Amino acid sequence: MDNKVVITAFSGENLLSSREVSVDDYYDGQHPEFDDRDYISEHGIDRAEIVIDAYGEHKEYTNHYDGYGRLCRSESNENGKLSEDLIEYREGRIVYEEHINYDENGIPHSEKKIYD
């Protein structure tokens, strides 16, 4: 399939699911492996990997979830441009979010938001 997206979900090192969808289905649909917090929690998903090969571009995303199905870290590689997002929770609330971009030399540049 040209212009495809592969979605893979894991619990620890165990592969839970892997499927290939078209780019249109990816952008138009709901995908419980990374869109549905209840589904993520109920199925013990702690990592979802999304690989997009479309229109001459290659993008890779990895989402990491806590035991409540909340996104706590994401990593992206968009055509060689690396970035990472970190989210910290306390008592059910977001304490901070941090976005890190890596330049062409691998040096991180960070922006952090702290919530009261």
# chains A, B, ... in the order shown; residues from 1 in each chain; ligands from 1
call {"tool": "closest_atom_pairs", "arguments": {"of": "stretch 55-93 of chain A", "to": "stretch 11-19 of chain A", "cutoff": "12 Å", "atoms": "only C-alpha atoms", "output": "Markdown table"}}
result
| residue | atom | partner | partner_atom | distance |
| --- | --- | --- | --- | --- |
| A:His64 | CA | A:Ser11 | CA | 10.2 |
| A:Tyr65 | CA | A:Ser11 | CA | 9.9 |
| A:Asp66 | CA | A:Ser11 | CA | 10.9 |
| A:Gly67 | CA | A:Ser11 | CA | 10.6 |
| A:Gly69 | CA | A:Ser11 | CA | 11.6 |
call {"tool": "write_last_selection", "arguments": {"atoms": "N, CA, C and O atoms", "output": "tab-separated table (two decimals), in the first residue's frame"}}
result
chain	number	residue	atom	x	y	z
A	64	HIS	N	4.14	6.96	24.84
A	64	HIS	CA	4.27	6.14	26.05
A	64	HIS	C	3.15	6.55	27.01
A	64	HIS	O	2.88	7.74	27.19
A	65	TYR	N	2.53	5.54	27.63
A	65	TYR	CA	1.38	5.78	28.50
A	65	TYR	C	1.64	5.25	29.90
A	65	TYR	O	2.37	4.27	30.08
A	66	ASP	N	1.00	5.89	30.89
A	66	ASP	CA	1.09	5.40	32.25
A	66	ASP	C	-0.01	4.36	32.48
A	66	ASP	O	-0.77	4.04	31.56
A	67	GLY	N	-0.12	3.84	33.68
A	67	GLY	CA	-1.11	2.81	34.01
A	67	GLY	C	-2.55	3.28	33.92
A	67	GLY	O	-3.46	2.45	33.95
A	69	GLY	N	-3.58	5.08	31.32
A	69	GLY	CA	-3.83	5.33	29.90
A	69	GLY	C	-3.52	6.75	29.48
A	69	GLY	O	-3.87	7.17	28.38
call {"tool": "residues_around", "arguments": {"residues": "stretch 84-99 of chain A", "least_positions_apart": "4", "cutoff": "6 Å", "atoms": "only C-alpha atoms", "output": "PyMOL selection string"}}
result
chain A and resi 72-75+110-115
call {"tool": "write_last_selection", "arguments": {"atoms": "all heavy atoms", "output": "compact mmCIF listing (two decimals), in the first residue's frame"}}
result
# COMPACT_ATOMS: atom_id res chain seq x y z
N CYS A 72 2.32 10.10 28.71
CA CYS A 72 3.32 10.68 29.61
C CYS A 72 4.61 11.05 28.86
O CYS A 72 5.39 11.86 29.36
CB CYS A 72 3.62 9.77 30.79
SG CYS A 72 4.14 8.11 30.38
N ARG A 73 4.81 10.48 27.68
CA ARG A 73 5.97 10.84 26.87
C ARG A 73 5.69 10.51 25.42
O ARG A 73 5.06 9.50 25.13
CB ARG A 73 7.19 10.05 27.35
CG ARG A 73 8.48 10.51 26.70
CD ARG A 73 9.69 9.87 27.36
NE ARG A 73 10.27 8.93 26.43
CZ ARG A 73 10.66 7.70 26.72
NH1 ARG A 73 10.53 7.24 27.94
NH2 ARG A 73 11.19 6.92 25.80
N SER A 74 6.13 11.37 24.55
CA SER A 74 6.04 11.06 23.12
C SER A 74 7.34 11.46 22.44
O SER A 74 7.99 12.42 22.86
CB SER A 74 4.84 11.76 22.48
OG SER A 74 5.00 13.16 22.52
N GLU A 75 7.69 10.70 21.45
CA GLU A 75 8.91 10.96 20.69
C GLU A 75 8.51 11.02 19.22
O GLU A 75 7.65 10.27 18.78
CB GLU A 75 9.91 9.83 20.90
CG GLU A 75 10.26 9.59 22.34
CD GLU A 75 10.79 8.17 22.59
OE1 GLU A 75 10.81 7.35 21.65
OE2 GLU A 75 11.15 7.90 23.73
N SER A 110 14.87 23.10 24.98
CA SER A 110 13.70 22.74 25.76
C SER A 110 12.82 23.94 26.07
O SER A 110 13.30 25.05 26.29
CB SER A 110 14.17 22.09 27.07
OG SER A 110 13.09 21.77 27.87
N GLU A 111 11.52 23.67 26.11
CA GLU A 111 10.53 24.66 26.55
C GLU A 111 9.61 23.92 27.53
O GLU A 111 9.06 22.87 27.21
CB GLU A 111 9.72 25.16 25.36
CG GLU A 111 8.69 26.20 25.72
CD GLU A 111 7.94 26.68 24.48
OE1 GLU A 111 8.59 26.94 23.46
OE2 GLU A 111 6.70 26.78 24.57
N LYS A 112 9.48 24.48 28.73
CA LYS A 112 8.72 23.81 29.79
C LYS A 112 7.59 24.70 30.27
O LYS A 112 7.80 25.90 30.50
CB LYS A 112 9.66 23.46 30.95
CG LYS A 112 9.10 22.55 31.97
CD LYS A 112 10.21 22.12 32.95
CE LYS A 112 9.75 21.08 33.90
NZ LYS A 112 10.84 20.63 34.77
N LYS A 113 6.41 24.10 30.45
CA LYS A 113 5.26 24.80 31.03
C LYS A 113 4.96 24.15 32.36
O LYS A 113 4.79 22.93 32.44
CB LYS A 113 4.03 24.69 30.13
CG LYS A 113 4.16 25.40 28.82
CD LYS A 113 2.90 25.24 28.00
CE LYS A 113 3.06 25.85 26.63
NZ LYS A 113 1.87 25.64 25.81
N ILE A 114 4.92 24.95 33.42
CA ILE A 114 4.62 24.46 34.75
C ILE A 114 3.24 24.98 35.14
O ILE A 114 2.94 26.16 34.97
CB ILE A 114 5.68 24.92 35.76
CG1 ILE A 114 7.05 24.36 35.35
CG2 ILE A 114 5.32 24.46 37.17
CD1 ILE A 114 8.21 24.87 36.17
N TYR A 115 2.40 24.07 35.66
CA TYR A 115 1.05 24.42 36.06
C TYR A 115 0.95 24.44 37.58
O TYR A 115 1.57 23.62 38.25
CB TYR A 115 0.05 23.45 35.48
CG TYR A 115 0.11 23.37 33.98
CD1 TYR A 115 0.85 22.38 33.33
CD2 TYR A 115 -0.54 24.31 33.19
CE1 TYR A 115 0.92 22.33 31.94
CE2 TYR A 115 -0.48 24.26 31.80
CZ TYR A 115 0.25 23.27 31.20
OH TYR A 115 0.33 23.22 29.82
call {"tool": "select_by_dssp", "arguments": {"residues": "stretch 9-109 of chain A", "states": "alpha helix (DSSP H)", "output": "JSON, numbers by chain"}}
result
{"A": [23, 24, 25, 26, 27, 28, 32, 33, 34, 35, 37, 38, 39, 40, 41, 42]}
call {"tool": "atom_distance", "arguments": {"atom1": "atom CA of A:Glu49", "atom2": "atom CA of A:Thr62"}}
result
4.5 Å
call {"tool": "residues_around", "arguments": {"residues": "stretch 24-38 of chain A", "least_positions_apart": "3", "cutoff": "7 Å", "atoms": "only C-alpha atoms", "output": "compact mmCIF listing (two decimals) with all heavy atoms, in the first residue's frame"}}
result
# COMPACT_ATOMS: atom_id res chain seq x y z
N VAL A 5 0.17 3.93 6.75
CA VAL A 5 0.47 4.17 8.16
C VAL A 5 0.41 2.82 8.86
O VAL A 5 -0.56 2.06 8.68
CB VAL A 5 -0.54 5.14 8.80
CG1 VAL A 5 -0.22 5.35 10.27
CG2 VAL A 5 -0.58 6.47 8.05
N ALA A 9 0.78 -1.50 18.80
CA ALA A 9 0.60 -1.26 20.23
C ALA A 9 1.30 -2.36 21.02
O ALA A 9 1.27 -3.54 20.64
CB ALA A 9 -0.88 -1.23 20.57
N VAL A 21 -3.01 1.00 7.76
CA VAL A 21 -4.16 1.74 7.24
C VAL A 21 -3.67 2.75 6.21
O VAL A 21 -2.48 3.08 6.16
CB VAL A 21 -4.94 2.48 8.37
CG1 VAL A 21 -5.49 1.49 9.39
CG2 VAL A 21 -4.09 3.52 9.06
N SER A 41 -5.84 1.96 28.76
CA SER A 41 -5.73 1.47 30.13
C SER A 41 -6.23 0.03 30.25
O SER A 41 -5.57 -0.83 30.83
CB SER A 41 -6.50 2.39 31.06
OG SER A 41 -6.46 1.91 32.37
N GLU A 42 -7.40 -0.25 29.68
CA GLU A 42 -8.01 -1.58 29.78
C GLU A 42 -7.16 -2.66 29.12
O GLU A 42 -7.14 -3.80 29.57
CB GLU A 42 -9.40 -1.57 29.15
CG GLU A 42 -10.43 -0.80 29.94
CD GLU A 42 -11.72 -0.56 29.17
OE1 GLU A 42 -11.90 -1.13 28.08
OE2 GLU A 42 -12.55 0.23 29.68
N ALA A 48 2.63 2.97 22.00
CA ALA A 48 2.07 2.85 20.65
C ALA A 48 3.05 3.49 19.69
O ALA A 48 3.57 4.58 19.95
CB ALA A 48 0.72 3.54 20.57
N GLY A 69 -3.58 5.08 31.32
CA GLY A 69 -3.83 5.33 29.90
C GLY A 69 -3.52 6.75 29.48
O GLY A 69 -3.87 7.17 28.38
N ARG A 70 -2.84 7.51 30.35
CA ARG A 70 -2.51 8.90 30.03
C ARG A 70 -1.18 8.97 29.30
O ARG A 70 -0.24 8.25 29.65
CB ARG A 70 -2.42 9.74 31.30
CG ARG A 70 -3.70 9.79 32.08
CD ARG A 70 -3.53 10.56 33.37
NE ARG A 70 -2.51 9.94 34.22
CZ ARG A 70 -2.37 10.20 35.51
NH1 ARG A 70 -3.14 11.09 36.10
NH2 ARG A 70 -1.42 9.60 36.22
call {"tool": "residues_around", "arguments": {"residues": "A:Ser76", "least_positions_apart": "3", "cutoff": "6 Å", "atoms": "only C-alpha atoms", "output": "PyMOL selection string"}}
result
chain A and resi 60-61+82-83
call {"tool": "residues_around", "arguments": {"residues": "A:His58", "least_positions_apart": "5", "cutoff": "8 Å", "atoms": "only C-alpha atoms", "output": "ChimeraX atom specification"}}
result
/A:51-53,78-79
call {"tool": "write_last_selection", "arguments": {"atoms": "N, CA and C atoms", "output": "compact mmCIF listing (two decimals), in the first residue's frame"}}
result
# COMPACT_ATOMS: atom_id res chain seq x y z
N VAL A 51 4.03 4.74 12.30
CA VAL A 51 4.99 5.02 11.25
C VAL A 51 4.21 5.41 10.00
N ILE A 52 4.48 6.61 9.51
CA ILE A 52 3.79 7.15 8.35
C ILE A 52 4.78 7.27 7.19
N ASP A 53 4.48 6.59 6.10
CA ASP A 53 5.24 6.71 4.86
C ASP A 53 4.26 7.21 3.81
N GLU A 78 10.42 13.30 12.41
CA GLU A 78 9.76 13.72 11.18
C GLU A 78 10.83 14.07 10.16
N ASN A 79 11.10 13.10 9.28
CA ASN A 79 12.11 13.28 8.25
C ASN A 79 13.46 13.67 8.84
call {"tool": "select_by_dssp", "arguments": {"residues": "chain A", "states": "strand (DSSP E)", "output": "ChimeraX atom specification"}}
result
/A:4-11,14-22,47-54,57-65,71-78,81-90,93-102,108-114
call {"tool": "closest_residue", "arguments": {"among": "A:Ile50, A:His43, A:Leu71, A:Tyr55", "to": "A:Asn3", "atoms": "only C-alpha atoms"}}
result
A:Tyr55
